[in-house]
Amino acid sequence: RSATVAVQLSSDGRINVFPNPAHGRFTVAVEDAASWEMHLVDPRGRIVPVFVRAEDRDLLVDCSLVAPGPYLLVLERGGERRTALLLLY
């Protein structure tokens with residue numbers, strides 16, 4: 001049995017990440033998606049390369065080559081920063 005949840009966490013705004021946990025791909029729903037820079041950060045603090053495509057209010061992320069585990073998803077725009085926990089399996 002597998003459980004999927006959406007995460008809405010951030011320091012000063014809202015990020016919707018789904019599915020979470022994810023395998024291969026996930027979506028980040030955020031206003032004006034193309035204006036954000038996204039990073040996936042591993043438990044050692046290293047930025048992990050992923051392919052990101054912006055569509056209106058969504059960032060579509062291909063993480064198919066990323067190892068399973070917990071990651072911090074970081075969105076930045078100007079001086080604004082938003083974060084969420086993401087689990088990959």
# chains A, B, ... in the order shown; residues from 1 in each chain; ligands from 1

$ residues_around --residues "stretch 23-36 of chain A" --least-positions-apart "3" --cutoff "9 Å" --atoms "only C-alpha atoms" --output "MDAnalysis selection string"
chainID A and resid 14:20 53:66 68 75:78 87:89

$ select_by_dssp --residues "chain A" --states "strand (DSSP E)" --output "PyMOL selection string"
chain A and resi 5-8+16-23+25-29+37-41+47-48+51-55+58-62+69-77+80-88

$ residues_around --residues "A:Val48" --least-positions-apart "6" --cutoff "8 Å" --atoms "only C-alpha atoms" --output "list in words"
His39, Leu40, Val41, Asp42 and Val66 of chain A

$ write_last_selection --atoms "C-alpha atoms" --output "PDB file, in the first residue's frame"
ATOM      1  CA  HIS A  39      16.550  23.731  -6.584  1.00  0.00           C
ATOM      2  CA  LEU A  40      16.391  20.245  -5.159  1.00  0.00           C
ATOM      3  CA  VAL A  41      18.814  19.888  -2.228  1.00  0.00           C
ATOM      4  CA  ASP A  42      19.970  16.532  -0.835  1.00  0.00           C
ATOM      5  CA  VAL A  66      17.675  11.139  -8.737  1.00  0.00           C
TER       6      VAL A  66
END
